[in-house]
>>> print(open('entry-v8.json').read())   # JSON, C-alpha atoms
[["chain", "number", "residue", "atom", "x", "y", "z"],
["W", 1345, "MET", "CA", -3.54, -0.76, 3.30],
["W", 1346, "GLN", "CA", -2.11, -1.83, 6.65],
["W", 1347, "ILE", "CA", -0.97, 1.22, 8.61],
["W", 1348, "GLY", "CA", 1.94, 0.84, 10.99],
["W", 1349, "LEU", "CA", 4.26, 2.92, 13.14],
["W", 1350, "ARG", "CA", 7.98, 3.32, 13.72],
["W", 1351, "LEU", "CA", 8.24, 1.64, 17.08],
["W", 1352, "HIS", "CA", 10.80, 4.15, 18.35],
["W", 1353, "ASP", "CA", 8.22, 6.92, 17.84],
["W", 1354, "SER", "CA", 5.95, 5.30, 20.45],
["W", 1355, "ALA", "CA", 5.92, 6.10, 24.17],
["W", 1356, "LYS", "CA", 9.15, 5.14, 25.96],
["W", 1357, "VAL", "CA", 7.95, 2.40, 28.27],
["W", 1358, "GLU", "CA", 8.95, -1.22, 28.86],
["W", 1359, "PHE", "CA", 9.15, -3.11, 25.52],
["W", 1360, "GLU", "CA", 6.10, -5.37, 25.87],
["W", 1361, "LYS", "CA", 3.99, -2.48, 27.17],
["W", 1362, "ARG", "CA", 5.26, -0.40, 24.27],
["W", 1363, "ILE", "CA", 3.97, -2.78, 21.63],
["W", 1364, "GLU", "CA", 0.72, -3.23, 23.55],
["W", 1365, "ASN", "CA", 0.23, 0.55, 23.33],
["W", 1366, "VAL", "CA", 0.90, 0.51, 19.58],
["W", 1367, "HIS", "CA", -1.70, -2.23, 19.13],
["W", 1368, "ASN", "CA", -4.20, -0.30, 21.23],
["W", 1369, "GLN", "CA", -3.72, 2.75, 19.01],
["W", 1370, "GLY", "CA", -4.97, 0.68, 16.08],
["W", 1371, "PHE", "CA", -1.73, -0.01, 14.23],
["W", 1372, "LYS", "CA", -1.21, -3.25, 12.31],
["W", 1373, "CYS", "CA", 2.58, -3.36, 11.94],
["W", 1374, "VAL", "CA", 5.81, -1.67, 13.00],
["W", 1375, "HIS", "CA", 9.12, -0.48, 11.66],
["W", 1376, "LEU", "CA", 11.58, -1.99, 14.14],
["W", 1377, "ALA", "CA", 14.94, -0.27, 14.66],
["W", 1378, "MET", "CA", 16.25, -2.37, 17.51],
["W", 1379, "SER", "CA", 19.08, 0.00, 18.44],
["W", 1380, "LYS", "CA", 16.48, 2.70, 19.23],
["W", 1381, "ILE", "CA", 14.34, 0.65, 21.62],
["W", 1382, "GLU", "CA", 15.24, 0.68, 25.30],
["W", 1383, "GLY", "CA", 15.52, -2.83, 26.69],
["W", 1384, "LEU", "CA", 16.45, -4.48, 23.39],
["W", 1385, "THR", "CA", 19.96, -5.34, 22.29],
["W", 1386, "TRP", "CA", 21.19, -5.13, 18.69],
["W", 1387, "ASP", "CA", 24.53, -6.82, 19.33],
["W", 1388, "ASP", "CA", 25.36, -9.31, 16.57],
["W", 1389, "ALA", "CA", 26.07, -12.13, 19.01],
["W", 1390, "ALA", "CA", 22.67, -11.65, 20.67],
["W", 1391, "LEU", "CA", 20.63, -12.21, 17.49],
["W", 1392, "THR", "CA", 19.92, -15.86, 18.22],
["W", 1393, "PRO", "CA", 16.93, -18.06, 17.34],
["W", 1394, "GLY", "CA", 15.77, -17.79, 20.93],
["W", 1395, "TYR", "CA", 15.82, -14.00, 20.85],
["W", 1396, "ALA", "CA", 13.92, -14.05, 17.55],
["W", 1397, "ALA", "CA", 11.34, -16.43, 19.04],
["W", 1398, "TYR", "CA", 10.82, -14.16, 22.06],
["W", 1399, "LEU", "CA", 10.32, -11.08, 19.88],
["W", 1400, "LYS", "CA", 8.07, -12.90, 17.43],
["W", 1401, "HIS", "CA", 5.83, -14.22, 20.21],
["W", 1402, "ALA", "CA", 5.62, -10.73, 21.76],
["W", 1403, "PHE", "CA", 4.58, -9.12, 18.46],
["W", 1404, "ASP", "CA", 2.20, -11.96, 17.61],
["W", 1405, "LYS", "CA", 0.48, -11.53, 20.98],
["W", 1406, "GLN", "CA", -0.33, -7.95, 19.99],
["W", 1407, "GLN", "CA", -1.24, -8.94, 16.41],
["W", 1408, "LEU", "CA", 1.56, -6.77, 15.04],
["W", 1409, "ASP", "CA", 3.72, -7.66, 12.04],
["W", 1410, "ILE", "CA", 7.28, -6.40, 11.65],
["W", 1411, "ALA", "CA", 7.04, -4.60, 8.32],
["W", 1412, "VAL", "CA", 10.64, -3.37, 8.36],
["W", 1413, "LEU", "CA", 13.66, -4.49, 10.34],
["W", 1414, "GLY", "CA", 15.78, -1.35, 10.08],
["W", 1415, "CYS", "CA", 19.50, -1.71, 9.49],
["W", 1416, "TYR", "CA", 20.42, 1.80, 8.41],
["W", 1417, "LYS", "CA", 24.19, 1.63, 8.04],
["W", 1418, "ASN", "CA", 26.57, 3.08, 5.43],
["W", 1419, "LEU", "CA", 27.30, 0.68, 2.58],
["W", 1420, "ALA", "CA", 29.66, 3.18, 0.94],
["W", 1421, "ASP", "CA", 32.04, 3.66, 3.88],
["W", 1422, "PRO", "CA", 35.59, 4.07, 2.51],
["W", 1423, "ASP", "CA", 37.12, 2.62, 5.70],
["W", 1424, "GLU", "CA", 37.60, -1.05, 4.83],
["W", 1425, "ALA", "CA", 37.39, -2.31, 8.42],
["W", 1426, "LYS", "CA", 34.19, -0.33, 9.09],
["W", 1427, "LEU", "CA", 32.71, -1.46, 5.80],
["W", 1428, "ALA", "CA", 33.45, -5.11, 6.59],
["W", 1429, "ALA", "CA", 31.74, -4.71, 9.98],
["W", 1430, "THR", "CA", 28.78, -3.01, 8.31],
["W", 1431, "ILE", "CA", 28.35, -5.79, 5.76],
["W", 1432, "LYS", "CA", 28.56, -8.34, 8.57],
["W", 1433, "LYS", "CA", 25.87, -6.36, 10.42],
["W", 1434, "TYR", "CA", 23.59, -6.47, 7.39],
["W", 1435, "ILE", "CA", 24.05, -10.20, 6.92],
["W", 1436, "THR", "CA", 23.42, -10.87, 10.61],
["W", 1437, "ASN", "CA", 20.22, -8.82, 10.44],
["W", 1438, "ILE", "CA", 19.11, -10.61, 7.29],
["W", 1439, "ARG", "CA", 19.53, -13.95, 9.05],
["W", 1440, "PHE", "CA", 17.66, -12.58, 12.09],
["W", 1441, "GLY", "CA", 14.96, -11.14, 9.83],
["W", 1442, "ALA", "CA", 14.42, -14.58, 8.34],
["W", 1443, "MET", "CA", 13.83, -16.00, 11.82],
["W", 1444, "LEU", "CA", 11.48, -13.14, 12.70],
["W", 1445, "GLY", "CA", 9.52, -13.37, 9.45],
["W", 1446, "VAL", "CA", 9.87, -9.64, 8.73],
["W", 1447, "GLY", "CA", 8.48, -7.97, 5.62],
["W", 1448, "VAL", "CA", 11.84, -6.49, 4.63],
["W", 1449, "VAL", "CA", 15.23, -5.68, 6.05],
["W", 1450, "GLY", "CA", 15.57, -2.03, 5.09],
["W", 1451, "THR", "CA", 18.31, 0.53, 4.57],
["W", 1452, "GLU", "CA", 19.02, 3.99, 3.26],
["W", 1453, "THR", "CA", 21.94, 4.34, 0.86],
["W", 1454, "GLY", "CA", 24.63, 6.34, 2.61],
["W", 1455, "ASN", "CA", 27.47, 8.55, 1.44],
["W", 1456, "THR", "CA", 31.12, 7.91, 0.62],
["W", 1457, "ASN", "CA", 32.61, 9.09, 3.91],
["W", 1458, "THR", "CA", 33.14, 7.48, 7.28],
["W", 1459, "GLU", "CA", 30.98, 10.05, 9.11],
["W", 1460, "TYR", "CA", 27.86, 9.29, 7.01],
["W", 1461, "LYS", "CA", 27.65, 13.01, 6.23],
["W", 1462, "THR", "CA", 25.54, 14.09, 3.29],
["W", 1463, "ASP", "CA", 27.79, 15.14, 0.41],
["W", 1464, "PRO", "CA", 26.46, 16.87, -2.72],
["W", 1465, "ALA", "CA", 29.20, 15.19, -4.75],
["W", 1466, "ASP", "CA", 27.54, 11.84, -4.05],
["W", 1467, "TRP", "CA", 24.11, 12.93, -5.24],
["W", 1468, "THR", "CA", 25.16, 12.85, -8.89],
["W", 1469, "SER", "CA", 28.43, 10.90, -8.84],
["W", 1470, "THR", "CA", 28.57, 7.74, -10.92],
["W", 1471, "LYS", "CA", 31.56, 6.63, -8.83],
["W", 1472, "ALA", "CA", 29.55, 6.78, -5.58],
["W", 1473, "LEU", "CA", 26.70, 4.85, -7.15],
["W", 1474, "ASP", "CA", 29.09, 2.18, -8.44],
["W", 1475, "ILE", "CA", 30.61, 1.79, -4.96],
["W", 1476, "PHE", "CA", 27.18, 1.40, -3.41],
["W", 1477, "ILE", "CA", 26.07, -1.17, -5.99],
["W", 1478, "LYS", "CA", 29.25, -3.21, -5.54],
["W", 1479, "ASN", "CA", 28.81, -3.41, -1.76],
["W", 1480, "LEU", "CA", 25.05, -3.91, -1.95],
["W", 1481, "ARG", "CA", 25.51, -6.91, -4.21],
["W", 1482, "THR", "CA", 27.15, -8.88, -1.39],
["W", 1483, "VAL", "CA", 24.28, -8.05, 0.97],
["W", 1484, "VAL", "CA", 21.59, -9.00, -1.54],
["W", 1485, "GLU", "CA", 23.33, -12.34, -2.20],
["W", 1486, "ALA", "CA", 22.93, -13.06, 1.52],
["W", 1487, "ALA", "CA", 19.26, -12.02, 1.34],
["W", 1488, "GLU", "CA", 18.76, -14.52, -1.48],
["W", 1489, "LYS", "CA", 20.35, -17.31, 0.56],
["W", 1490, "PHE", "CA", 18.12, -16.62, 3.57],
["W", 1491, "GLY", "CA", 14.98, -15.99, 1.52],
["W", 1492, "VAL", "CA", 14.62, -12.42, 2.81],
["W", 1493, "ASN", "CA", 13.40, -9.32, 0.98],
["W", 1494, "PHE", "CA", 15.99, -6.54, 1.23],
["W", 1495, "ALA", "CA", 14.79, -3.01, 0.48],
["W", 1496, "ILE", "CA", 16.56, 0.27, -0.21],
["W", 1497, "GLU", "CA", 15.06, 3.65, 0.61],
["W", 1498, "PRO", "CA", 15.97, 6.48, -1.79],
["W", 1499, "VAL", "CA", 16.65, 9.86, -0.15],
["W", 1500, "TRP", "CA", 17.38, 13.04, -2.09],
["W", 1501, "LYS", "CA", 20.64, 13.71, -0.20],
["W", 1502, "HIS", "CA", 22.05, 10.16, -0.24],
["W", 1503, "ILE", "CA", 23.76, 8.19, -3.00],
["W", 1504, "VAL", "CA", 20.47, 6.86, -4.33],
["W", 1505, "CYS", "CA", 18.96, 10.32, -4.51],
["W", 1506, "THR", "CA", 16.48, 9.99, -7.38],
["W", 1507, "PRO", "CA", 14.06, 7.39, -8.73],
["W", 1508, "GLU", "CA", 16.31, 7.10, -11.79],
["W", 1509, "ARG", "CA", 19.33, 6.13, -9.68],
["W", 1510, "ALA", "CA", 17.19, 3.69, -7.70],
["W", 1511, "LEU", "CA", 16.07, 2.05, -10.94],
["W", 1512, "THR", "CA", 19.71, 1.74, -12.00],
["W", 1513, "VAL", "CA", 20.49, -0.09, -8.74],
["W", 1514, "LEU", "CA", 17.55, -2.45, -9.20],
["W", 1515, "LYS", "CA", 18.53, -3.30, -12.75],
["W", 1516, "GLU", "CA", 22.24, -3.70, -11.99],
["W", 1517, "ILE", "CA", 21.61, -6.04, -9.06],
["W", 1518, "SER", "CA", 18.70, -7.76, -10.84],
["W", 1519, "SER", "CA", 17.45, -9.78, -7.88],
["W", 1520, "PRO", "CA", 13.90, -10.72, -6.90],
["W", 1521, "ASN", "CA", 15.04, -10.21, -3.29],
["W", 1522, "LEU", "CA", 15.74, -6.48, -3.77],
["W", 1523, "SER", "CA", 12.91, -3.97, -3.56],
["W", 1524, "ILE", "CA", 12.07, -0.36, -2.67],
["W", 1525, "ILE", "CA", 10.85, 1.36, 0.47],
["W", 1526, "LEU", "CA", 9.07, 4.37, -0.99],
["W", 1527, "ASP", "CA", 9.11, 7.44, 1.24],
["W", 1528, "PRO", "CA", 7.74, 10.29, -0.90],
["W", 1529, "VAL", "CA", 8.95, 13.04, 1.45],
["W", 1530, "ASN", "CA", 12.51, 11.72, 1.43],
["W", 1531, "LEU", "CA", 12.68, 12.33, -2.32],
["W", 1532, "VAL", "CA", 11.64, 15.99, -2.02],
["W", 1533, "SER", "CA", 14.60, 18.38, -2.03],
["W", 1534, "PRO", "CA", 14.31, 22.02, -0.94],
["W", 1535, "ALA", "CA", 15.05, 23.17, -4.49],
["W", 1536, "LYS", "CA", 12.10, 21.19, -5.85],
["W", 1537, "TYR", "CA", 9.74, 21.58, -2.92],
["W", 1538, "GLU", "CA", 7.03, 23.34, -4.89],
["W", 1539, "ALA", "CA", 7.21, 20.62, -7.56],
["W", 1540, "ARG", "CA", 7.01, 17.79, -5.03],
["W", 1541, "ASN", "CA", 3.93, 16.23, -6.63],
["W", 1542, "ASP", "CA", 5.87, 15.85, -9.89],
["W", 1543, "THR", "CA", 8.71, 14.16, -7.99],
["W", 1544, "ILE", "CA", 6.30, 11.73, -6.34],
["W", 1545, "ALA", "CA", 4.57, 10.97, -9.64],
["W", 1546, "ASN", "CA", 7.94, 10.18, -11.24],
["W", 1547, "ALA", "CA", 8.87, 7.87, -8.36],
["W", 1548, "ILE", "CA", 5.61, 5.96, -8.66],
["W", 1549, "ASN", "CA", 6.00, 5.71, -12.43],
["W", 1550, "LEU", "CA", 9.58, 4.38, -12.34],
["W", 1551, "LEU", "CA", 9.61, 2.37, -9.12],
["W", 1552, "GLY", "CA", 6.00, 1.33, -8.57],
["W", 1553, "ASP", "CA", 6.51, -2.29, -9.55],
["W", 1554, "TYR", "CA", 9.37, -2.63, -7.05],
["W", 1555, "VAL", "CA", 7.75, -0.98, -4.01],
["W", 1556, "SER", "CA", 7.24, -3.36, -1.09],
["W", 1557, "ILE", "CA", 6.78, -0.87, 1.79],
["W", 1558, "ILE", "CA", 5.57, 2.73, 2.01],
["W", 1559, "HIS", "CA", 6.68, 5.27, 4.58],
["W", 1560, "ILE", "CA", 4.24, 8.07, 5.34],
["W", 1561, "LYS", "CA", 5.01, 11.41, 6.90],
["W", 1562, "ASP", "CA", 4.36, 15.09, 6.20],
["W", 1563, "CYS", "CA", 6.64, 18.04, 5.54],
["W", 1564, "VAL", "CA", 7.06, 21.81, 5.57],
["W", 1565, "LEU", "CA", 9.77, 24.01, 4.11],
["W", 1566, "GLU", "CA", 11.51, 25.64, 7.05],
["W", 1567, "ASN", "CA", 14.68, 27.74, 6.98],
["W", 1568, "GLY", "CA", 15.50, 26.52, 3.50],
["W", 1569, "ASP", "CA", 15.24, 22.83, 4.39],
["W", 1570, "VAL", "CA", 12.52, 20.19, 4.20],
["W", 1571, "LYS", "CA", 11.37, 19.40, 7.74],
["W", 1572, "SER", "CA", 9.68, 16.04, 8.33],
["W", 1573, "ILE", "CA", 6.62, 16.00, 10.62],
["W", 1574, "GLY", "CA", 3.67, 13.75, 11.37],
["W", 1575, "ALA", "CA", 1.08, 13.01, 8.70],
["W", 1576, "GLY", "CA", -1.66, 15.63, 8.46],
["W", 1577, "GLU", "CA", 0.45, 18.42, 9.96],
["W", 1578, "GLY", "CA", 2.07, 19.92, 6.85],
["W", 1579, "ASP", "CA", 1.88, 20.50, 3.10],
["W", 1580, "MET", "CA", 1.70, 16.96, 1.72],
["W", 1581, "ASP", "CA", -1.03, 15.95, -0.70],
["W", 1582, "TYR", "CA", -1.36, 12.19, -0.21],
["W", 1583, "THR", "CA", -3.69, 11.58, -3.16],
["W", 1584, "GLN", "CA", -1.08, 10.10, -5.50],
["W", 1585, "ILE", "CA", 0.60, 7.77, -3.04],
["W", 1586, "LEU", "CA", -2.69, 6.52, -1.59],
["W", 1587, "GLU", "CA", -4.25, 6.00, -5.02],
["W", 1588, "PHE", "CA", -1.14, 4.04, -5.97],
["W", 1589, "ALA", "CA", -1.44, 1.90, -2.84],
["W", 1590, "LYS", "CA", -5.14, 1.28, -3.33],
["W", 1591, "ALA", "CA", -4.95, 0.46, -7.04],
["W", 1592, "ARG", "CA", -1.70, -1.49, -7.24],
["W", 1593, "LYS", "CA", -0.62, -2.64, -3.78],
["W", 1594, "PRO", "CA", -3.46, -4.41, -1.94],
["W", 1595, "TYR", "CA", -2.79, -4.74, 1.80],
["W", 1596, "ILE", "CA", 0.63, -3.07, 1.52],
["W", 1597, "GLN", "CA", 2.22, -2.14, 4.84],
["W", 1598, "ALA", "CA", 2.61, 1.63, 5.26],
["W", 1599, "THR", "CA", 4.41, 2.85, 8.37],
["W", 1600, "LEU", "CA", 4.01, 6.34, 9.78],
["W", 1601, "GLU", "CA", 7.12, 8.35, 10.63],
["W", 1602, "ASN", "CA", 7.89, 11.46, 12.69],
["W", 1603, "THR", "CA", 4.80, 11.14, 14.85],
["W", 1604, "LYS", "CA", 4.75, 11.69, 18.60],
["W", 1605, "PRO", "CA", 3.11, 9.29, 21.07],
["W", 1606, "GLU", "CA", 0.28, 11.76, 21.61],
["W", 1607, "THR", "CA", -0.29, 12.40, 17.86],
["W", 1608, "ALA", "CA", 0.29, 8.96, 16.33],
["W", 1609, "GLU", "CA", -3.32, 7.78, 16.47],
["W", 1610, "LYS", "CA", -4.54, 11.10, 15.04],
["W", 1611, "SER", "CA", -2.13, 10.71, 12.11],
["W", 1612, "ARG", "CA", -3.27, 7.13, 11.55],
["W", 1613, "LEU", "CA", -6.91, 8.16, 11.46],
["W", 1614, "PHE", "CA", -6.10, 11.04, 9.12],
["W", 1615, "ILE", "CA", -4.36, 8.75, 6.61],
["W", 1616, "GLN", "CA", -7.01, 6.03, 6.92],
["W", 1617, "ASN", "CA", -9.71, 8.62, 6.25],
["W", 1618, "GLN", "CA", -7.85, 9.93, 3.20],
["W", 1619, "TYR", "CA", -7.45, 6.36, 1.93],
["W", 1620, "ASP", "CA", -11.10, 5.43, 2.50],
["W", 1621, "LYS", "CA", -12.31, 8.46, 0.53],
["W", 1622, "LEU", "CA", -10.56, 7.34, -2.66]]
>>> encode(input="entry-v8.json", output="structure tokens")
Amino acid sequence: MQIGLRLHDSAKVEFEKRIENVHNQGFKCVHLAMSKIEGLTWDDAALTPGYAAYLKHAFDKQQLDIAVLGCYKNLADPDEAKLAATIKKYITNIRFGAMLGVGVVGTETGNTNTEYKTDPADWTSTKALDIFIKNLRTVVEAAEKFGVNFAIEPVWKHIVCTPERALTVLKEISSPNLSIILDPVNLVSPAKYEARNDTIANAINLLGDYVSIIHIKDCVLENGDVKSIGAGEGDMDYTQILEFAKARKPYIQATLENTKPETAEKSRLFIQNQYDKL
């Protein structure tokens, strides 16, 4: 398993120093959300071959792969103008991802409002899921044209809120260029917190064949909500997800989330140790 880091969780220094620090902490890959990195632009017009070449050379110098190019926009926005701009943004990032040689261009699955607010009506609504699938289809067609792997990340309070709904999306789109970013914590709702291992087991059972990237973080139940924290700091039992990675996903990229610059290496070593024991 190749352990990586969300780049925007690293120390806020100049970009090339930032990725040098990540390399020096022992990470093998990054989740790159360009809008969250000081000194980088995410403007559509700036995503040129030259910009891609610069970034690729910088990451190659530090022996870091880009596991995920994050493009976390709302594909269920009811505002037609905003939705058109969002779809354009996805396609531009897919083209850029092809030039960068990223593992996947990744997204969460949104909600049917312009504010991207979580809405319980979306969590079970067939209508919301249909809207998402319709708009996703256009994006995946672009991914197919550019030869890029596009991945959706199920989250319990977004449209694709369960493994079952994620499987419906995969089967409806039916594309080899569509896969899953599996973040076990993001599937754990407060109501089912104590049964989180059952939720994770179900996700692995239904979605395992489609998983291309794993996100790793920890969690605690705090004030009635699931709080995400760095790996090794909460209640998570990583046995299932790491056994899955070791048995079925050789050399899969797994990026840590919700770490701090001073705790990232500790979290990496914790997960690596858990993995090595299996």
>>> closest_atom_pairs(input="entry-v8.json", of="stretch 1429-1511 of chain W", to="stretch 1576-1600 of chain W", cutoff="12 Å", atoms="all atoms listed in the file", output="CSV")
residue,atom,partner,partner_atom,distance
W:Val1446,CA,W:Gln1597,CA,11.4
W:Gly1447,CA,W:Gln1597,CA,8.6
W:Val1448,CA,W:Gln1597,CA,10.6
>>> closest_residue(input="entry-v8.json", among="W:Gly1383, W:Gly1441, W:Gly1414, W:Gly1370", to="W:Gly1491", atoms="all atoms listed in the file")
W:Gly1441
>>> atom_distance(input="entry-v8.json", atom1="atom CA of W:His1559", atom2="atom CA of W:Lys1432")
26.1 Å
>>> residues_around(input="entry-v8.json", residues="W:Ala1547", least_positions_apart="6", cutoff="10 Å", atoms="all atoms listed in the file", output="short mmCIF file (atom, residue, chain, number, x, y, z; two decimals) with C-alpha atoms, keeping the file's coordinate frame")
data_model
loop_
_atom_site.label_atom_id
_atom_site.label_comp_id
_atom_site.auth_asym_id
_atom_site.auth_seq_id
_atom_site.Cartn_x
_atom_site.Cartn_y
_atom_site.Cartn_z
CA PRO W 1498 15.97 6.48 -1.79
CA THR W 1506 16.48 9.99 -7.38
CA PRO W 1507 14.06 7.39 -8.73
CA GLU W 1508 16.31 7.10 -11.79
CA ALA W 1510 17.19 3.69 -7.70
CA LEU W 1511 16.07 2.05 -10.94
CA LEU W 1526 9.07 4.37 -0.99
CA ASP W 1527 9.11 7.44 1.24
CA PRO W 1528 7.74 10.29 -0.90
CA LEU W 1531 12.68 12.33 -2.32
CA ASN W 1541 3.93 16.23 -6.63
CA VAL W 1555 7.75 -0.98 -4.01
CA ILE W 1585 0.60 7.77 -3.04
#
>>> atom_distance(input="entry-v8.json", atom1="atom CA of W:Ile1475", atom2="atom CA of W:Leu1522")
17.1 Å
>>> atom_distance(input="entry-v8.json", atom1="atom CA of W:Met1345", atom2="atom CA of W:Ile1558")
9.8 Å
>>> residues_around(input="entry-v8.json", residues="stretch 1454-1466 of chain W", least_positions_apart="3", cutoff="8 Å", atoms="all atoms listed in the file", output="MDAnalysis selection string")
chainID W and resid 1417:1423 1469 1472:1473 1501:1503
>>> closest_residue(input="entry-v8.json", among="W:Phe1476, W:Lys1604, W:Ser1518, W:Gln1616", to="W:Ala1355", atoms="only C-alpha atoms")
W:Lys1604
>>> closest_residue(input="entry-v8.json", among="W:Met1443, W:Val1449, W:Val1513, W:Ile1431", to="W:Asn1479", atoms="only C-alpha atoms")
W:Ile1431
>>> axis_aligned_box(input="entry-v8.json", around="stretch 1508-1522 of chain W", padding_each_side="3 Å", output="AutoDock Vina command-line options")
--center_x 18.1 --center_y -1.8 --center_z -8.0 --size_x 14.3 --size_y 23.8 --size_z 15.5
>>> closest_residue(input="entry-v8.json", among="W:Lys1515, W:Arg1439, W:Lys1471, W:Lys1536", to="W:Lys1489", atoms="all atoms listed in the file")
W:Arg1439
>>> closest_residue(input="entry-v8.json", among="W:Gln1407, W:Asn1549, W:Asn1602, W:Ser1354", to="W:His1367", atoms="all atoms listed in the file")
W:Gln1407
>>> residues_around(input="entry-v8.json", residues="stretch 1537-1539 of chain W", least_positions_apart="3", cutoff="10 Å", atoms="all atoms listed in the file", output="list in words")
Val1529, Leu1531, Val1532, Ser1533, Pro1534, Asp1542, Thr1543, Ile1544, Cys1563, Val1564, Leu1565, Gly1568, Asp1569, Val1570 and Asp1579 of chain W
>>> closest_residue(input="entry-v8.json", among="W:Leu1399, W:Ile1525, W:Ala1575, W:Tyr1416", to="W:Ser1379", atoms="only C-alpha atoms")
W:Tyr1416
>>> decode(input="entry-v8.json", residues="stretch 1539-1552 of chain W", atoms="N, CA and C atoms", output="PDB file, in the first residue's frame")
ATOM      1  N   ALA W1539     -22.285   0.952  14.913  1.00  0.00           N
ATOM      2  CA  ALA W1539     -22.276  -0.159  13.951  1.00  0.00           C
ATOM      3  C   ALA W1539     -21.378   0.147  12.758  1.00  0.00           C
ATOM      4  N   ARG W1540     -20.385   0.999  12.963  1.00  0.00           N
ATOM      5  CA  ARG W1540     -19.560   1.458  11.840  1.00  0.00           C
ATOM      6  C   ARG W1540     -18.810   0.315  11.156  1.00  0.00           C
ATOM      7  N   ASN W1541     -18.398  -0.695  11.892  1.00  0.00           N
ATOM      8  CA  ASN W1541     -17.692  -1.804  11.264  1.00  0.00           C
ATOM      9  C   ASN W1541     -18.589  -2.558  10.283  1.00  0.00           C
ATOM     10  N   ASP W1542     -19.886  -2.647  10.603  1.00  0.00           N
ATOM     11  CA  ASP W1542     -20.834  -3.276   9.675  1.00  0.00           C
ATOM     12  C   ASP W1542     -20.974  -2.438   8.405  1.00  0.00           C
ATOM     13  N   THR W1543     -21.012  -1.119   8.562  1.00  0.00           N
ATOM     14  CA  THR W1543     -21.103  -0.217   7.410  1.00  0.00           C
ATOM     15  C   THR W1543     -19.890  -0.374   6.500  1.00  0.00           C
ATOM     16  N   ILE W1544     -18.714  -0.444   7.102  1.00  0.00           N
ATOM     17  CA  ILE W1544     -17.478  -0.587   6.326  1.00  0.00           C
ATOM     18  C   ILE W1544     -17.436  -1.939   5.623  1.00  0.00           C
ATOM     19  N   ALA W1545     -17.852  -2.984   6.315  1.00  0.00           N
ATOM     20  CA  ALA W1545     -17.873  -4.314   5.709  1.00  0.00           C
ATOM     21  C   ALA W1545     -18.804  -4.345   4.504  1.00  0.00           C
ATOM     22  N   ASN W1546     -19.956  -3.695   4.622  1.00  0.00           N
ATOM     23  CA  ASN W1546     -20.907  -3.648   3.510  1.00  0.00           C
ATOM     24  C   ASN W1546     -20.325  -2.891   2.321  1.00  0.00           C
ATOM     25  N   ALA W1547     -19.621  -1.796   2.597  1.00  0.00           N
ATOM     26  CA  ALA W1547     -19.006  -1.017   1.517  1.00  0.00           C
ATOM     27  C   ALA W1547     -17.961  -1.839   0.778  1.00  0.00           C
ATOM     28  N   ILE W1548     -17.140  -2.557   1.527  1.00  0.00           N
ATOM     29  CA  ILE W1548     -16.114  -3.395   0.893  1.00  0.00           C
ATOM     30  C   ILE W1548     -16.757  -4.496   0.072  1.00  0.00           C
ATOM     31  N   ASN W1549     -17.815  -5.100   0.603  1.00  0.00           N
ATOM     32  CA  ASN W1549     -18.495  -6.181  -0.090  1.00  0.00           C
ATOM     33  C   ASN W1549     -19.108  -5.717  -1.402  1.00  0.00           C
ATOM     34  N   LEU W1550     -19.778  -4.562  -1.399  1.00  0.00           N
ATOM     35  CA  LEU W1550     -20.488  -4.094  -2.587  1.00  0.00           C
ATOM     36  C   LEU W1550     -19.588  -3.354  -3.578  1.00  0.00           C
ATOM     37  N   LEU W1551     -18.612  -2.627  -3.061  1.00  0.00           N
ATOM     38  CA  LEU W1551     -17.853  -1.710  -3.917  1.00  0.00           C
ATOM     39  C   LEU W1551     -16.391  -2.109  -4.114  1.00  0.00           C
ATOM     40  N   GLY W1552     -15.960  -3.170  -3.463  1.00  0.00           N
ATOM     41  CA  GLY W1552     -14.551  -3.526  -3.476  1.00  0.00           C
ATOM     42  C   GLY W1552     -13.932  -3.614  -4.849  1.00  0.00           C
TER      43      GLY W1552
END
